[in-house]
Each structure stands twice: as C-alpha cells, then as structure tokens.
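S.K.: As input, take coords-v4.json (JSON, C-alpha atoms):
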[["chain", "number", "residue", "atom", "x", "y", "z"],
["E", 16, "MET", "CA", -25.35, 18.60, -4.04],
["E", 17, "THR", "CA", -24.76, 15.55, -6.18],
["E", 18, "MET", "CA", -21.43, 14.51, -7.59],
["E", 19, "ASN", "CA", -20.85, 13.49, -11.14],
["E", 20, "ARG", "CA", -18.58, 10.55, -12.01],
["E", 21, "ARG", "CA", -15.57, 12.82, -12.57],
["E", 22, "GLN", "CA", -15.93, 14.44, -9.15],
["E", 23, "ALA", "CA", -16.44, 11.08, -7.43],
["E", 24, "VAL", "CA", -13.33, 9.59, -9.05],
["E", 25, "HIS", "CA", -11.33, 12.70, -8.19],
["E", 26, "LEU", "CA", -12.46, 12.55, -4.55],
["E", 27, "MET", "CA", -11.59, 8.84, -4.29],
["E", 28, "PHE", "CA", -8.27, 9.57, -6.01],
["E", 29, "ASP", "CA", -7.43, 12.34, -3.52],
["E", 30, "VAL", "CA", -8.34, 10.13, -0.55],
["E", 31, "ALA", "CA", -6.37, 7.16, -1.94],
["E", 32, "VAL", "CA", -3.26, 9.25, -2.65],
["E", 33, "THR", "CA", -3.39, 10.90, 0.77],
["E", 34, "LEU", "CA", -3.73, 7.49, 2.45],
["E", 35, "LYS", "CA", -0.87, 6.13, 0.31],
["E", 36, "LEU", "CA", 1.34, 9.05, 1.40],
["E", 37, "LEU", "CA", 0.55, 8.48, 5.07],
["E", 38, "ASN", "CA", 0.98, 4.74, 4.60],
["E", 39, "GLY", "CA", 4.35, 5.35, 2.93],
["E", 40, "VAL", "CA", 5.58, 7.26, 5.96],
["E", 41, "LEU", "CA", 4.30, 4.52, 8.27],
["E", 42, "GLU", "CA", 5.92, 1.79, 6.13],
["E", 43, "ILE", "CA", 9.30, 3.51, 6.28],
["E", 44, "ALA", "CA", 9.00, 3.88, 10.06],
["E", 45, "CYS", "CA", 8.05, 0.21, 10.44],
["E", 46, "GLY", "CA", 10.85, -0.89, 8.11],
["E", 47, "LEU", "CA", 13.38, 1.06, 10.14],
["E", 48, "PHE", "CA", 11.96, -0.42, 13.32],
["E", 49, "LEU", "CA", 12.46, -3.94, 11.93],
["E", 50, "ILE", "CA", 16.07, -3.10, 11.08],
["E", 51, "PHE", "CA", 16.86, -1.75, 14.53],
["E", 52, "LYS", "CA", 14.80, -4.30, 16.51],
["E", 53, "PRO", "CA", 15.09, -7.63, 14.63],
["E", 54, "GLY", "CA", 13.29, -10.59, 16.18],
["E", 55, "TRP", "CA", 11.10, -8.39, 18.36],
["E", 56, "ILE", "CA", 7.72, -8.62, 16.60],
["E", 57, "GLY", "CA", 7.19, -12.38, 16.39],
["E", 58, "PRO", "CA", 7.25, -13.10, 20.14],
["E", 59, "HIS", "CA", 5.04, -10.09, 20.96],
["E", 60, "VAL", "CA", 2.28, -10.68, 18.39],
["E", 61, "ALA", "CA", 0.44, -13.37, 20.37],
["E", 62, "GLY", "CA", 0.52, -11.19, 23.48],
["E", 63, "TRP", "CA", -0.99, -8.27, 21.59],
["E", 64, "ALA", "CA", -3.74, -10.44, 20.12],
["E", 65, "PHE", "CA", -4.57, -11.89, 23.55],
["E", 66, "ALA", "CA", -4.53, -8.45, 25.16],
["E", 67, "LEU", "CA", -7.02, -7.18, 22.56],
["E", 68, "LEU", "CA", -9.40, -10.16, 22.61],
["E", 69, "HIS", "CA", -8.83, -11.68, 26.10],
["E", 70, "ASP", "CA", -9.54, -15.23, 24.89],
["E", 71, "PRO", "CA", -6.65, -17.65, 24.21],
["E", 72, "ASP", "CA", -9.03, -20.05, 22.42],
["E", 73, "ASN", "CA", -10.21, -17.39, 19.98],
["E", 74, "TRP", "CA", -9.51, -18.27, 16.33],
["E", 75, "VAL", "CA", -7.97, -14.83, 15.64],
["E", 76, "VAL", "CA", -5.66, -15.12, 18.65],
["E", 77, "ARG", "CA", -4.54, -18.63, 17.61],
["E", 78, "ARG", "CA", -3.94, -17.59, 13.96],
["E", 79, "THR", "CA", -2.11, -14.45, 15.01],
["E", 80, "ALA", "CA", 0.09, -16.40, 17.43],
["E", 81, "HIS", "CA", 0.83, -18.95, 14.69],
["E", 82, "TRP", "CA", 1.69, -16.16, 12.26],
["E", 83, "GLY", "CA", 3.97, -14.49, 14.82],
["E", 84, "ALA", "CA", 5.73, -17.76, 15.63],
["E", 85, "GLY", "CA", 6.47, -18.22, 11.93],
["E", 86, "LEU", "CA", 8.28, -14.91, 11.56],
["E", 87, "SER", "CA", 11.95, -15.63, 11.06],
["E", 88, "THR", "CA", 14.75, -13.09, 11.09],
["E", 89, "ASP", "CA", 15.03, -13.55, 7.31],
["E", 90, "THR", "CA", 11.32, -12.76, 6.92],
["E", 91, "GLU", "CA", 11.71, -9.65, 9.05],
["E", 92, "HIS", "CA", 14.78, -8.62, 7.02],
["E", 93, "PHE", "CA", 12.82, -9.03, 3.79],
["E", 94, "ALA", "CA", 9.90, -7.12, 5.31],
["E", 95, "SER", "CA", 12.12, -4.23, 6.40],
["E", 96, "ILE", "CA", 13.62, -3.78, 2.93],
["E", 97, "TYR", "CA", 10.23, -4.19, 1.29],
["E", 98, "LEU", "CA", 8.56, -1.69, 3.63],
["E", 99, "ILE", "CA", 11.25, 0.95, 3.17],
["E", 100, "ALA", "CA", 11.29, 0.58, -0.64],
["E", 101, "HIS", "CA", 7.50, 0.45, -0.91],
["E", 102, "GLY", "CA", 7.12, 3.42, 1.45],
["E", 103, "ALA", "CA", 9.70, 5.52, -0.42],
["E", 104, "ALA", "CA", 8.00, 4.75, -3.75],
["E", 105, "LYS", "CA", 4.61, 5.72, -2.31],
["E", 106, "ILE", "CA", 5.95, 9.01, -0.97],
["E", 107, "PHE", "CA", 7.76, 9.88, -4.22],
["E", 108, "VAL", "CA", 4.82, 9.05, -6.48],
["E", 109, "GLY", "CA", 2.24, 10.41, -4.03],
["E", 110, "TRP", "CA", 4.07, 13.73, -3.82],
["E", 111, "GLY", "CA", 3.95, 14.02, -7.61],
["E", 112, "LEU", "CA", 0.28, 13.06, -7.73],
["E", 113, "VAL", "CA", -0.70, 15.53, -5.00],
["E", 114, "ARG", "CA", 1.22, 18.26, -6.84],
["E", 115, "GLU", "CA", -0.66, 17.20, -10.00],
["E", 116, "LYS", "CA", 2.51, 16.53, -11.98],
["E", 117, "LEU", "CA", 1.63, 14.69, -15.18],
["E", 118, "TRP", "CA", 4.79, 12.55, -15.01],
["E", 119, "ALA", "CA", 3.54, 11.11, -11.71],
["E", 120, "PHE", "CA", 0.57, 9.34, -13.29],
["E", 121, "PRO", "CA", 2.51, 6.97, -15.58],
["E", 122, "ALA", "CA", 5.26, 6.75, -12.96],
["E", 123, "GLY", "CA", 2.70, 5.75, -10.34],
["E", 124, "LEU", "CA", 1.22, 3.13, -12.62],
["E", 125, "ALA", "CA", 4.69, 1.77, -13.39],
["E", 126, "VAL", "CA", 5.89, 1.74, -9.77],
["E", 127, "PHE", "CA", 2.72, 0.24, -8.33],
["E", 128, "GLY", "CA", 2.41, -2.13, -11.29],
["E", 129, "LEU", "CA", 5.92, -3.47, -10.65],
["E", 130, "LEU", "CA", 5.18, -3.77, -6.95],
["E", 131, "ILE", "CA", 1.98, -5.67, -7.76],
["E", 132, "VAL", "CA", 3.90, -8.07, -10.01],
["E", 133, "TYR", "CA", 6.43, -8.62, -7.23],
["E", 134, "GLN", "CA", 3.67, -9.08, -4.66],
["E", 135, "VAL", "CA", 1.93, -11.65, -6.88],
["E", 136, "LEU", "CA", 5.19, -13.56, -7.28],
["E", 137, "ARG", "CA", 5.67, -13.46, -3.53],
["E", 138, "LEU", "CA", 2.04, -14.55, -3.03],
["E", 139, "THR", "CA", 2.67, -17.70, -5.06],
["E", 140, "HIS", "CA", 5.27, -18.69, -2.47],
["E", 141, "THR", "CA", 3.61, -17.54, 0.74],
["E", 142, "HIS", "CA", -0.15, -17.82, 0.03],
["E", 143, "SER", "CA", -0.58, -14.94, 2.49],
["E", 144, "LEU", "CA", -4.07, -13.49, 2.80],
["E", 145, "THR", "CA", -2.54, -10.24, 4.04],
["E", 146, "LEU", "CA", -0.47, -9.96, 0.89],
["E", 147, "ALA", "CA", -3.53, -10.76, -1.25],
["E", 148, "ALA", "CA", -5.41, -7.91, 0.44],
["E", 149, "LEU", "CA", -2.48, -5.52, -0.18],
["E", 150, "ILE", "CA", -2.49, -6.53, -3.85],
["E", 151, "ALA", "CA", -6.21, -5.79, -4.11],
["E", 152, "VAL", "CA", -5.73, -2.33, -2.56],
["E", 153, "ASP", "CA", -2.80, -1.54, -4.90],
["E", 154, "VAL", "CA", -4.84, -2.66, -7.93],
["E", 155, "ALA", "CA", -7.70, -0.38, -6.85],
["E", 156, "VAL", "CA", -5.30, 2.55, -6.43],
["E", 157, "CYS", "CA", -3.80, 1.87, -9.87],
["E", 158, "TYR", "CA", -7.30, 1.97, -11.33],
["E", 159, "LEU", "CA", -7.95, 5.35, -9.68],
["E", 160, "ILE", "CA", -4.60, 6.71, -10.94],
["E", 161, "TRP", "CA", -5.39, 5.49, -14.46],
["E", 162, "ARG", "CA", -8.87, 7.07, -14.41],
["E", 163, "GLU", "CA", -7.61, 10.37, -13.00],
["E", 164, "TRP", "CA", -4.80, 10.46, -15.57],
["E", 165, "GLY", "CA", -7.37, 9.92, -18.33],
["E", 166, "PHE", "CA", -9.44, 12.82, -17.03],
["E", 167, "ARG", "CA", -6.36, 15.05, -16.80],
["E", 168, "ARG", "CA", -5.26, 14.22, -20.36],
["E", 169, "ALA", "CA", -8.78, 14.96, -21.62],
["E", 170, "GLU", "CA", -8.78, 18.32, -19.82],
["E", 171, "ILE", "CA", -5.45, 19.21, -21.44],
["E", 172, "ALA", "CA", -6.60, 18.08, -24.91],
["E", 173, "VAL", "CA", -9.86, 20.08, -24.87],
["E", 174, "PRO", "CA", -8.31, 23.58, -24.48],
["E", 175, "ALA", "CA", -5.64, 22.71, -27.06],
["E", 176, "ALA", "CA", -8.34, 21.72, -29.58],
["E", 177, "SER", "CA", -10.31, 24.96, -29.22],
["E", 178, "PRO", "CA", -9.32, 27.95, -31.43]]
Translate the structure described by the file into structure tokens.

M.R.:
Amino acid sequence: MTMNRRQAVHLMFDVAVTLKLLNGVLEIACGLFLIFKPGWIGPHVAGWAFALLHDPDNWVVRRTAHWGAGLSTDTEHFASIYLIAHGAAKIFVGWGLVREKLWAFPAGLAVFGLLIVYQVLRLTHTHSLTLAALIAVDVAVCYLIWREWGFRRAEIAVPAASP
C-alpha cells in the first residue's frame, strides 16, 4: 500500500506531535530536577561520557567534560525555567493537536515560533550546536503543523462549498 502526500504528512505530523508531547513531559521533569538539584549535572557529565566511551582522550569525552565544566548555577537556573516553560507549552499545544482542535494549529505555530525566535536570540550569545539542532527540529515541526493545518482547512472548506 502506497501513501499519498497527504497521508505521509499526516503520519509525520502524528509522530512529531506524539514525540513533542513525550518530550514536553521529559522537559518538565528535567526542569524540576534542575530546580531541586542545582549544581549536580556539571560535575557528573564527564563521568557519564567516560563511562559510556571508556576513553578519556576521546574527542566526545573531552568536549562533554568541557561543556559540563562550563555549566554555572545561573545556566542551570535558566535551563530549568526554559525546560519547564517549553515542556508546558509542548504539552498544551500537543494536547490540542492530538485532539484535532483547530485553535491548536495557529497556537502551535505561534508558541513554537516565539520559542524559535527566543532560541535564535540565545544562539547568537551561546553559539551552541545543541541549541542549533533544537531550532532545526522546532522549525521542522512548525512546517508539519502548518501543512497539516492547511490540509484540515481544505477539508473543512470542501464540504462547506458543496450544495
């Protein structure tokens, strides 16, 4: 069975929204963890990287250790607020999108669009590759929301146009 473009976009949309919902829950949990355990992640990151790769001279281990050493309490505080807000927005919008509420499509574009603008502003200060990757994922999800919304509006317009 082959899929047409509409079915492929809908499938990717469903997968993306489901992953965003799960990611929203995870982000809130991580944000709460950062609030209740400040200063814990930075010192442990290098140990985790070494435990996974077993080579202290490995480029990934060195970069991860450097990244972990650079995490300040202020950075973790920012990250906790960001993760909780971003996670809550994902859950709210994702719930509306899963329930196929038409208000959720423009709301999702607005919420994720504002988050992308904020992430880009933050990227100009941090030059973080991780943040750049998150921006790319959010842009792709916005594209899928926009396409799915267009399909939904077309489906609504067609029955209204028929006698």

S.K.: Which one of E:Leu67, E:Val60, E:Phe93, E:Lys116 sits closest to Ala80 of chain E if you count only C-alpha atoms?

M.R.: E:Val60

S.K.: Just give me the gap between atom CA of Val135 of chain E and atom CA of Ile150 of chain E in Å, one decimal is fine.

M.R.: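 Computed distance, atom CA of Val135 of chain E to atom CA of Ile150 of chain E, equals 7.4 Å.
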
S.K.: Which residue out of E:Ala119, E:Ala155, E:Ala104, E:Leu149 has the minimum interatomic distance to Gly39 of chain E when all atoms listed in the file are used?

M.R.: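 Ranked by minimum distance to Gly39 of chain E, first place goes to E:Ala104.
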
S.K.: Counting all atoms listed in the file, which residue out of E:Phe51, E:Trp63, E:Trp164, E:Tyr97 sits closest to His25 of chain E?

M.R.: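 Under the stated criterion, the closest residue is E:Trp164.
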
S.K.: Measure the distance from atom CA of Leu36 of chain E to atom CA of Leu98 of chain E in Å and round it to one decimal.

M.R.: 13.1 Å

S.K.: Find the spatial neighbours of Arg137 of chain E, counting all atoms listed in the file, within a cut-off of 12 Å - ignore same-chain residues fewer than 5 positions away - and output them as a list of chain:residue names.

M.R.: E:Thr90, E:Phe93, E:Ala94, E:Tyr97, E:Leu130, E:Ile131, E:Val132, E:His142, E:Ser143, E:Leu144, E:Thr145, E:Leu146, E:Ala147, E:Leu149, E:Ile150
